[in-house]
Amino acid sequence: MWCQNEEVKKRYPRSMTLRELYLRLKEMAEGSSVVIERDSVQTELGSRYNIKQAEMQAHGELAKAAVNYVKKSMVAYLDAKNSLKWILGVIRSSGVRGQLLLNVFEELANYGERRRWEEALDACKKRDYI
């Protein structure tokens, strides 16, 4: 079945289809490796030689996007626009954990209400996000 997304893939060989994006996000969430089979249209114009490099770059870009999403959401939380439950849901669904999440907290340590910052930090530690 030919759809508009595949038509874009034909015009821009190095772009991702929705299926490929879904599989990459699924792979990141599960921490497992998912093999994406590519047809001849997807491997034309020299894109085959850089598939592994492109996959590594995509992981880095997705991680940056997730961190940026959490950071902007934290700003909204610290501005008292949303609740603690909301920001914990954002953090949980983003997949940002460990040192990356701690870096977000450190960057925003002097922003907004200190009490709200400490509440969020303590809640993340309690849930083993940090």
# chains A, B, ... in the order shown; residues from 1 in each chain; ligands from 1
call {"tool": "residues_around", "arguments": {"residues": "Ala66 of chain A", "least_positions_apart": "5", "cutoff": "9 Å", "atoms": "only C-alpha atoms", "output": "NGL selection string"}}
result
:A and (61 or 71 or 94-96)
call {"tool": "residues_around", "arguments": {"residues": "Asp79 of chain A", "least_positions_apart": "6", "cutoff": "12 Å", "atoms": "only C-alpha atoms", "output": "compact mmCIF listing (two decimals) with C-alpha atoms, in the first residue's frame"}}
result
# COMPACT_ATOMS: atom_id res chain seq x y z
CA LYS A 72 10.77 23.12 29.33
CA SER A 73 8.20 21.17 31.32
CA ILE A 87 5.85 16.91 36.04
CA LEU A 108 17.18 24.99 37.01
CA TYR A 111 14.86 29.18 38.77
CA GLY A 112 11.39 29.64 40.28
CA GLU A 113 10.32 28.51 43.73
CA ARG A 114 13.00 26.56 45.56
CA ARG A 115 10.38 24.55 47.45
CA ARG A 116 8.83 23.23 44.22
CA TRP A 117 12.30 22.37 42.85
call {"tool": "residues_around", "arguments": {"residues": "Trp86 of chain A", "least_positions_apart": "5", "cutoff": "12 Å", "atoms": "only C-alpha atoms", "output": "NGL selection string"}}
result
:A and (70 or 73-74 or 76-78 or 80-81 or 91-93 or 120 or 123)
